[in-house]
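Have a look at work.cif below; it lists mmCIF, C-alpha atoms.
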```cif
data_work
#
loop_
_atom_site.label_atom_id
_atom_site.label_comp_id
_atom_site.auth_asym_id
_atom_site.auth_seq_id
_atom_site.Cartn_x
_atom_site.Cartn_y
_atom_site.Cartn_z
CA MET A 1 8.27 7.41 2.27
CA SER A 2 10.27 10.49 3.11
CA GLU A 3 9.98 12.26 -0.17
CA ALA A 4 8.49 15.58 -1.04
CA ILE A 5 7.82 17.39 -4.23
CA ASN A 6 9.43 20.77 -4.83
CA ASP A 7 7.79 23.58 -6.75
CA VAL A 8 9.14 22.56 -10.13
CA GLY A 9 7.64 19.14 -9.74
CA GLU A 10 10.82 17.26 -8.98
CA SER A 11 11.05 14.68 -6.31
CA VAL A 12 13.47 15.74 -3.56
CA GLU A 13 14.89 13.75 -0.72
CA THR A 14 13.86 14.85 2.75
CA GLY A 15 14.88 11.87 4.80
CA GLU A 16 17.11 8.85 4.83
CA SER A 17 15.23 6.85 2.20
CA ALA A 18 16.90 6.26 -1.14
CA ALA A 19 16.96 9.58 -2.98
CA GLY A 20 14.85 9.82 -6.10
CA LYS A 21 13.91 6.17 -6.16
CA VAL A 22 11.44 5.71 -8.98
CA LYS A 23 8.38 3.84 -7.80
CA LYS A 24 6.03 1.74 -9.85
CA PHE A 25 2.56 3.24 -9.82
CA MET A 26 -0.36 1.42 -11.34
CA PHE A 27 -3.77 2.93 -11.90
CA ILE A 28 -6.54 0.37 -12.09
CA ASN A 29 -9.62 1.34 -14.06
CA ARG A 30 -12.71 -0.82 -13.67
CA LYS A 31 -15.60 1.56 -14.39
CA SER A 32 -17.40 2.56 -17.57
CA PRO A 33 -16.55 6.02 -18.98
CA TYR A 34 -19.75 8.00 -18.27
CA GLY A 35 -21.81 6.04 -15.74
CA THR A 36 -19.71 7.37 -12.86
CA ILE A 37 -17.06 10.04 -12.36
CA TYR A 38 -14.32 7.46 -11.64
CA ALA A 39 -12.96 7.25 -15.19
CA LEU A 40 -12.49 11.00 -15.50
CA GLU A 41 -11.04 11.33 -11.99
CA SER A 42 -8.55 8.57 -12.69
CA LEU A 43 -7.45 10.23 -15.92
CA GLU A 44 -6.85 13.52 -14.13
CA VAL A 45 -4.82 11.90 -11.37
CA VAL A 46 -2.80 10.01 -14.00
CA LEU A 47 -1.97 13.28 -15.78
CA ILE A 48 -0.91 14.89 -12.52
CA SER A 49 1.17 11.87 -11.55
CA ALA A 50 3.15 12.27 -14.77
CA ALA A 51 4.78 15.37 -13.28
CA PHE A 52 6.55 13.27 -10.65
CA ASP A 53 8.66 11.16 -13.00
CA GLN A 54 7.53 7.84 -11.63
CA ASP A 55 7.04 4.57 -13.47
CA VAL A 56 3.33 4.88 -14.26
CA SER A 57 1.17 2.23 -15.87
CA LEU A 58 -2.57 1.90 -16.42
CA ALA A 59 -4.61 -1.27 -16.26
CA PHE A 60 -8.12 -1.56 -17.63
CA PHE A 61 -10.40 -4.44 -16.75
CA ASP A 62 -14.08 -5.16 -16.06
CA ASP A 63 -16.13 -2.24 -17.44
CA GLY A 64 -12.95 -0.14 -17.44
CA VAL A 65 -12.11 -1.47 -20.91
CA TYR A 66 -15.08 0.56 -22.21
CA GLN A 67 -13.13 3.75 -21.41
CA LEU A 68 -10.81 3.11 -24.36
CA VAL A 69 -13.44 2.34 -27.00
CA LYS A 70 -12.95 4.56 -30.04
CA GLY A 71 -15.61 6.64 -31.74
CA GLN A 72 -17.16 8.07 -28.56
CA LYS A 73 -19.48 10.95 -29.51
CA THR A 74 -21.00 12.67 -26.51
CA GLN A 75 -22.77 15.70 -28.00
CA GLY A 76 -26.09 13.88 -27.59
CA ILE A 77 -25.72 13.42 -23.83
CA GLY A 78 -24.21 16.83 -23.06
CA ILE A 79 -21.11 15.45 -21.33
CA LYS A 80 -17.54 16.27 -22.34
CA ASN A 81 -15.91 13.49 -24.35
CA HIS A 82 -12.66 12.89 -22.47
CA SER A 83 -11.61 9.88 -24.52
CA PRO A 84 -9.24 11.87 -26.83
CA THR A 85 -7.12 12.57 -23.75
CA TYR A 86 -5.99 8.92 -23.63
CA ARG A 87 -4.15 9.66 -26.86
CA ALA A 88 -2.24 12.47 -25.10
CA LEU A 89 -0.78 10.08 -22.51
CA ASP A 90 2.07 9.17 -24.84
CA GLY A 91 3.21 12.82 -24.76
CA TYR A 92 3.22 12.57 -20.95
CA ASP A 93 5.57 9.57 -21.25
CA ILE A 94 2.83 7.23 -20.05
CA GLU A 95 3.15 4.39 -22.49
CA LYS A 96 2.22 1.32 -20.49
CA LEU A 97 -1.46 0.63 -20.98
CA TYR A 98 -2.77 -2.85 -20.28
CA VAL A 99 -6.19 -4.35 -20.95
CA GLU A 100 -7.37 -7.68 -19.61
CA LYS A 101 -8.18 -10.19 -22.34
CA GLU A 102 -11.04 -11.82 -20.43
CA SER A 103 -12.76 -8.47 -19.84
CA MET A 104 -12.44 -7.59 -23.52
CA GLU A 105 -13.82 -10.93 -24.71
CA LEU A 106 -16.77 -10.89 -22.32
CA ARG A 107 -17.81 -7.55 -23.84
CA GLY A 108 -17.27 -8.60 -27.44
CA LEU A 109 -14.35 -6.18 -27.85
CA THR A 110 -10.98 -6.57 -29.57
CA THR A 111 -7.98 -4.24 -29.45
CA GLU A 112 -9.13 -3.03 -32.89
CA ASP A 113 -12.04 -1.33 -31.12
CA LEU A 114 -9.73 0.76 -28.94
CA LEU A 115 -8.43 4.28 -29.56
CA VAL A 116 -4.86 3.77 -28.30
CA PRO A 117 -2.30 1.00 -28.64
CA VAL A 118 -2.50 -1.28 -25.61
CA GLN A 119 -0.96 -4.49 -24.44
CA GLN A 120 -3.53 -7.22 -23.89
CA LEU A 121 -2.77 -9.53 -20.97
CA SER A 122 -4.53 -12.53 -19.58
CA ARG A 123 -6.11 -12.25 -16.15
CA GLY A 124 -3.26 -14.22 -14.62
CA GLU A 125 -0.57 -12.12 -16.29
CA LEU A 126 -2.22 -8.88 -15.25
CA SER A 127 -2.66 -10.02 -11.64
CA LYS A 128 1.00 -10.92 -11.56
CA LEU A 129 1.94 -7.50 -12.91
CA ILE A 130 -0.22 -5.75 -10.31
CA ASP A 131 1.62 -7.71 -7.62
CA THR A 132 4.94 -6.16 -8.69
CA GLN A 133 3.79 -2.56 -8.17
CA ASP A 134 4.91 -0.25 -5.35
CA VAL A 135 1.67 1.72 -5.38
CA VAL A 136 -1.73 0.61 -6.68
CA LEU A 137 -4.54 3.13 -7.11
CA SER A 138 -8.04 1.86 -7.83
CA PHE A 139 -10.75 3.66 -9.71
CA MET B 1 -50.17 -0.28 -22.37
CA PRO B 2 -48.42 -1.87 -19.40
CA MET B 3 -45.21 -0.77 -17.80
CA LEU B 4 -42.15 0.85 -19.38
CA HIS B 5 -39.02 -0.28 -17.55
CA THR B 6 -35.76 1.65 -17.81
CA VAL B 7 -32.39 0.10 -16.92
CA ASN B 8 -29.33 2.33 -16.60
CA LYS B 9 -26.64 -0.07 -15.33
CA SER B 10 -24.07 -2.17 -17.16
CA PRO B 11 -25.03 -5.86 -17.08
CA PHE B 12 -21.43 -6.68 -16.15
CA TYR B 13 -21.44 -4.41 -13.13
CA THR B 14 -24.75 -5.01 -11.38
CA TYR B 15 -27.59 -7.53 -11.45
CA THR B 16 -30.13 -4.84 -12.36
CA LEU B 17 -30.86 -6.01 -15.90
CA GLU B 18 -31.51 -9.61 -14.79
CA SER B 19 -33.64 -8.39 -11.95
CA CYS B 20 -35.72 -6.31 -14.33
CA LEU B 21 -36.05 -8.97 -17.04
CA ASP B 22 -37.08 -11.59 -14.49
CA ARG B 23 -39.90 -9.39 -13.24
CA ALA B 24 -41.12 -7.44 -16.27
CA ARG B 25 -44.53 -8.78 -17.25
CA GLU B 26 -45.32 -10.03 -20.71
CA GLY B 27 -46.16 -7.22 -23.13
CA SER B 28 -44.23 -4.54 -21.29
CA ALA B 29 -41.26 -2.62 -22.66
CA VAL B 30 -37.69 -2.24 -21.50
CA LEU B 31 -35.64 0.81 -22.48
CA LEU B 32 -31.89 0.58 -21.98
CA ILE B 33 -30.31 3.94 -21.13
CA GLU B 34 -26.93 5.25 -19.90
CA ASP B 35 -24.67 2.27 -19.04
CA GLY B 36 -27.68 0.02 -19.62
CA VAL B 37 -26.97 0.32 -23.36
CA TYR B 38 -24.05 -2.11 -23.02
CA SER B 39 -26.68 -4.84 -22.62
CA ALA B 40 -27.79 -4.27 -26.21
CA MET B 41 -24.45 -5.10 -27.80
CA ARG B 42 -23.88 -8.18 -29.88
CA GLY B 43 -21.13 -10.65 -29.12
CA THR B 44 -21.59 -10.80 -25.36
CA PRO B 45 -23.20 -13.48 -23.16
CA ILE B 46 -26.06 -11.04 -22.57
CA GLU B 47 -27.07 -11.26 -26.24
CA ARG B 48 -28.78 -14.61 -25.73
CA ARG B 49 -30.63 -13.25 -22.71
CA MET B 50 -31.85 -10.31 -24.80
CA VAL B 51 -33.07 -12.54 -27.62
CA GLU B 52 -34.94 -14.69 -25.11
CA ALA B 53 -36.43 -11.62 -23.39
CA MET B 54 -37.73 -10.27 -26.70
CA LYS B 55 -40.13 -13.23 -26.90
CA LYS B 56 -42.30 -11.50 -24.31
CA LEU B 57 -40.96 -7.94 -24.07
CA ALA B 58 -40.18 -5.09 -26.45
CA ILE B 59 -36.60 -3.93 -25.98
CA TYR B 60 -35.41 -0.41 -26.85
CA VAL B 61 -32.06 1.32 -26.50
CA LEU B 62 -31.34 5.05 -26.34
CA GLY B 63 -29.26 6.16 -29.36
CA PRO B 64 -27.41 9.13 -27.80
CA ASP B 65 -26.17 6.88 -24.97
CA LEU B 66 -24.89 4.34 -27.50
CA GLU B 67 -23.06 7.03 -29.47
CA ALA B 68 -21.48 8.54 -26.36
CA ARG B 69 -19.95 5.16 -25.55
CA GLY B 70 -18.64 4.51 -29.06
CA MET B 71 -21.18 1.71 -29.56
CA THR B 72 -22.27 1.83 -33.18
CA TYR B 73 -25.83 0.97 -34.20
CA ASP B 74 -24.66 -1.94 -36.35
CA ARG B 75 -23.46 -3.67 -33.16
CA VAL B 76 -26.89 -3.63 -31.55
CA VAL B 77 -28.56 -7.04 -31.11
CA SER B 78 -31.06 -7.49 -33.92
CA GLY B 79 -34.63 -6.88 -32.80
CA VAL B 80 -33.61 -4.22 -30.27
CA LYS B 81 -34.95 -0.87 -31.48
CA VAL B 82 -32.87 2.30 -31.23
CA VAL B 83 -34.80 5.40 -30.13
CA ASP B 84 -33.82 9.04 -29.62
CA TYR B 85 -34.98 11.34 -26.80
CA GLY B 86 -38.24 12.00 -28.63
CA GLY B 87 -38.79 8.25 -28.81
CA PHE B 88 -38.11 7.99 -25.08
CA VAL B 89 -40.84 10.56 -24.42
CA ASP B 90 -43.23 8.74 -26.75
CA LEU B 91 -42.60 5.44 -24.96
CA ALA B 92 -43.19 7.06 -21.59
CA ALA B 93 -46.44 8.56 -22.88
CA GLN B 94 -47.65 5.31 -24.45
CA HIS B 95 -47.24 3.26 -21.29
CA ASN B 96 -49.32 3.43 -18.14
CA ASN B 97 -46.34 3.83 -15.91
CA VAL B 98 -42.56 3.93 -15.82
CA GLN B 99 -40.42 1.85 -13.52
CA SER B 100 -36.79 3.00 -13.31
CA TRP B 101 -34.45 0.24 -12.30
CA LEU B 102 -31.49 1.96 -10.64
CA MET C 1 -11.64 40.13 -13.17
CA ALA C 2 -13.34 42.41 -15.65
CA LEU C 3 -12.62 41.52 -19.23
CA VAL C 4 -14.31 43.83 -21.72
CA VAL C 5 -13.93 43.30 -25.45
CA ASN C 6 -15.68 45.61 -27.92
CA GLY C 7 -17.78 46.97 -25.08
CA GLN C 8 -18.94 43.48 -24.21
CA ALA C 9 -18.19 41.88 -20.86
CA ILE C 10 -16.65 38.41 -21.14
CA GLU C 11 -17.08 36.06 -18.23
CA THR C 12 -13.89 34.75 -16.61
CA ASP C 13 -13.02 32.97 -13.38
CA GLU C 14 -11.17 34.67 -10.53
CA GLU C 15 -7.81 33.98 -12.20
CA GLY C 16 -8.85 35.37 -15.56
CA TYR C 17 -9.48 32.12 -17.43
CA LEU C 18 -12.45 32.16 -19.77
CA ALA C 19 -15.65 30.75 -18.32
CA ASN C 20 -16.79 29.70 -21.81
CA ARG C 21 -14.18 28.52 -24.26
CA SER C 22 -16.45 29.54 -27.14
CA ASP C 23 -16.05 33.21 -26.15
CA TRP C 24 -12.46 33.18 -27.42
CA THR C 25 -11.33 35.43 -30.25
CA GLU C 26 -7.89 36.81 -31.03
CA GLN C 27 -9.11 40.09 -29.64
CA VAL C 28 -10.04 38.42 -26.36
CA ALA C 29 -6.47 37.14 -26.12
CA THR C 30 -5.08 40.60 -26.86
CA GLU C 31 -7.25 42.17 -24.14
CA MET C 32 -6.24 39.51 -21.61
CA ALA C 33 -2.60 40.27 -22.35
CA LYS C 34 -3.22 43.98 -21.83
CA ILE C 35 -4.45 43.26 -18.31
CA ASP C 36 -1.05 41.65 -17.66
CA ASN C 37 0.74 44.62 -19.34
CA ALA C 38 1.84 42.38 -22.16
CA SER C 39 1.46 42.70 -25.90
CA LEU C 40 1.22 39.68 -28.15
CA GLU C 41 3.83 39.28 -30.87
CA PRO C 42 4.02 36.59 -33.59
CA ASN C 43 6.10 34.38 -31.28
CA HIS C 44 3.33 34.49 -28.68
CA TRP C 45 0.68 33.67 -31.25
CA GLU C 46 2.68 30.69 -32.40
CA VAL C 47 2.42 29.19 -28.92
CA ILE C 48 -1.19 30.26 -28.39
CA ASN C 49 -2.26 28.68 -31.67
CA PHE C 50 -0.29 25.56 -30.85
CA LEU C 51 -2.17 25.27 -27.55
CA ARG C 52 -5.52 25.70 -29.22
CA GLU C 53 -4.69 22.91 -31.67
CA TYR C 54 -3.45 20.70 -28.84
CA TYR C 55 -6.68 21.22 -26.92
CA GLU C 56 -8.77 20.54 -30.00
CA GLU C 57 -7.02 17.22 -30.45
CA TYR C 58 -6.67 15.98 -26.87
CA GLN C 59 -9.31 17.94 -24.91
CA ILE C 60 -6.82 19.02 -22.25
CA ALA C 61 -4.38 21.85 -21.70
CA PRO C 62 -0.92 20.26 -21.58
CA ALA C 63 1.37 20.39 -18.56
CA VAL C 64 4.32 22.73 -19.05
CA ARG C 65 6.80 19.88 -19.53
CA VAL C 66 4.60 18.32 -22.18
CA LEU C 67 4.06 21.66 -23.87
CA THR C 68 7.81 22.35 -24.00
CA LYS C 69 8.54 18.98 -25.52
CA ALA C 70 5.73 19.23 -28.06
CA ILE C 71 6.75 22.77 -29.08
CA GLY C 72 10.29 21.49 -29.57
CA LYS C 73 9.03 18.75 -31.81
CA LYS C 74 6.97 21.11 -33.91
CA LEU C 75 8.93 24.38 -33.90
CA GLY C 76 12.48 23.22 -33.20
CA PRO C 77 14.76 23.03 -30.16
CA ASP C 78 15.44 26.79 -30.02
CA LYS C 79 11.76 27.22 -29.13
CA GLY C 80 11.15 23.98 -27.29
CA ASN C 81 12.93 25.00 -24.10
CA SER C 82 11.75 26.58 -20.87
CA LYS C 83 13.98 29.64 -21.21
CA TYR C 84 12.39 30.69 -24.50
CA LEU C 85 8.87 29.95 -23.29
CA TYR C 86 9.31 31.70 -19.94
CA GLU C 87 10.64 34.78 -21.73
CA LEU C 88 7.48 34.86 -23.82
CA PHE C 89 5.17 34.06 -20.91
CA PRO C 90 6.84 35.14 -17.66
CA TYR C 91 3.88 34.01 -15.53
CA GLY C 92 4.52 30.47 -16.70
CA PRO C 93 4.12 29.25 -20.27
CA ALA C 94 1.40 26.72 -19.58
CA LYS C 95 -0.64 28.90 -17.24
CA GLN C 96 -0.36 32.24 -19.00
CA ALA C 97 -0.43 31.01 -22.58
CA CYS C 98 -3.38 28.69 -21.84
CA LYS C 99 -5.24 31.64 -20.42
CA TYR C 100 -4.68 33.72 -23.56
CA ALA C 101 -5.62 30.71 -25.67
CA GLY C 102 -8.96 30.55 -23.87
CA LEU C 103 -8.23 27.13 -22.39
CA PRO C 104 -8.78 25.95 -18.84
CA LYS C 105 -5.86 25.94 -16.45
CA PRO C 106 -3.60 22.96 -17.24
CA THR C 107 -4.36 19.82 -15.27
CA GLY C 108 -1.80 19.41 -12.54
CA CYS C 109 -1.09 23.12 -12.14
CA VAL C 110 -1.48 24.38 -8.60
#
```

Same coordinates, now as structure tokens:
Amino acid sequence: MSEAINDVGESVETGESAAGKVKKFMFINRKSPYGTIYALESLEVVLISAAFDQDVSLAFFDDGVYQLVKGQKTQGIGIKNHSPTYRALDGYDIEKLYVEKESMELRGLTTEDLLVPVQQLSRGELSKLIDTQDVVLSF
Amino acid sequence: MPMLHTVNKSPFYTYTLESCLDRAREGSAVLLIEDGVYSAMRGTPIERRMVEAMKKLAIYVLGPDLEARGMTYDRVVSGVKVVDYGGFVDLAAQHNNVQSWL
Amino acid sequence: MALVVNGQAIETDEEGYLANRSDWTEQVATEMAKIDNASLEPNHWEVINFLREYYEEYQIAPAVRVLTKAIGKKLGPDKGNSKYLYELFPYGPAKQACKYAGLPKPTGCV
């Protein structure tokens, strides 16, 4: 892709590819919130990606659905609670959050247990959606 | 007392819990910590495994790790005992040895 | 960077951001501004306090675009624009105001 980012965060054309073509980026989150650093790293990259005015969506499946569980209180384990940041995504114009129904059910969770509004998709629907993306980033 | 086993992995992510439960000897204790606490939640296929395991093992779960993950105590499988860090230390002291399943 | 408030040294990183968010007081903000040859007026405080509330709620310092939009929503369009915010904080509203607010550097700022 011959695109670059200028210093005010706008995408600029540097080659013959279609100027300013918005690409579909999907971030896939499959890890629990505190067991590894993946969840936090993904969230940071998502926030940075928002500066580039692309079509960003987030998918949560496997243990990734645990990232969105509400009521996380981390004082006892001495780790920063980054879950409130998912509620800031809306302000970053990141509004497409998907959770996989099968992953939720396996863990005894419903969308009521989550701290942000999400769209719940079946495994098949989500796989189909992932197939339509231009860029897929896995965490 | 015999061994205290600790498990710190999600049962949906690795086989560690099964591996531990299959090998822990009768009368020993299993303490679920970090992502291991997800094993203690009701309404999952692991619940039945936990109930079965409690016939020969004592199962504990670390409270601060539950709270961090938004898992409330009322969702813990009945019979699994919630302990704090002090309880963790007591368990370690009461048992002959600790085996950490990583 | 040496930041001294009431004769007490406050730890900062090499860019002047507070090492410990809990060290923040209004006086700390005033002293930080002095280092940049700036003085803080009510309009500055409005933004600084907004940032502190934002951080309290979301646990991040907002990107400048997000800050501008959110300020506009809360304080009106005459304040929710880059011109107004850059006049208040010429080093960049997100970066400079976050620093005075005792927050970390906004995610995505390079």

Neighbour list for region 103-105 of chain A as number ranges by chain, cut-off 10 Å, all atoms listed in the file, skip fewer than 2 positions in-chain = A: 30, 60-66, 99-101, 107-111, 113, 120, 122-123; B: 12, 43-45

If we count only C-alpha atoms, what is near His44 (chain C) at a cut-off of 9 Å, once residues fewer than 3 positions away on the same chain are taken out, given as a PyMOL selection string?
-> chain C and resi 39-41+47-49+85+88-89+97

If we count all atoms listed in the file, which residues of chain C reach to within 12 Å of chain A? Please list them as a PyMOL selection string.
-> chain C and resi 54-71+73+82+92+106-110

Could you list the residues in chain B lying within 9 Å of chain A, using only C-alpha atoms, and format the result as a VMD selection string?
-> chain B and resid 8 to 10 12 to 13 34 to 35 38 41 to 45 63 to 72

Hits from the PyMOL selection byres ((chain C and resi 6-23) around 9), listed as a ChimeraX atom specification = /C:1-5,24-25,27-28,32,98-105

Please indicate the distance in Å from CA of Leu40 (chain A) to CA of Gly72 (chain C), rounded to one decimal place.
->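 CA of Gly72 (chain C) lies 28.8 Å from CA of Leu40 (chain A).
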
For this file, the PyMOL selection byres ((chain A and resi 118) around 6) selects which residues, as a ChimeraX atom specification?
-> /A:97-98,117,119

Which polymer residues have any atom within 8 Å of an atom of Phe25 (chain A), counting all atoms listed in the file, with same-chain residues fewer than 3 positions away left out, as a list of chain:residue names?
-> A:Gln54, A:Asp55, A:Val56, A:Ser57, A:Gln133, A:Asp134, A:Val135, A:Val136, A:Leu137
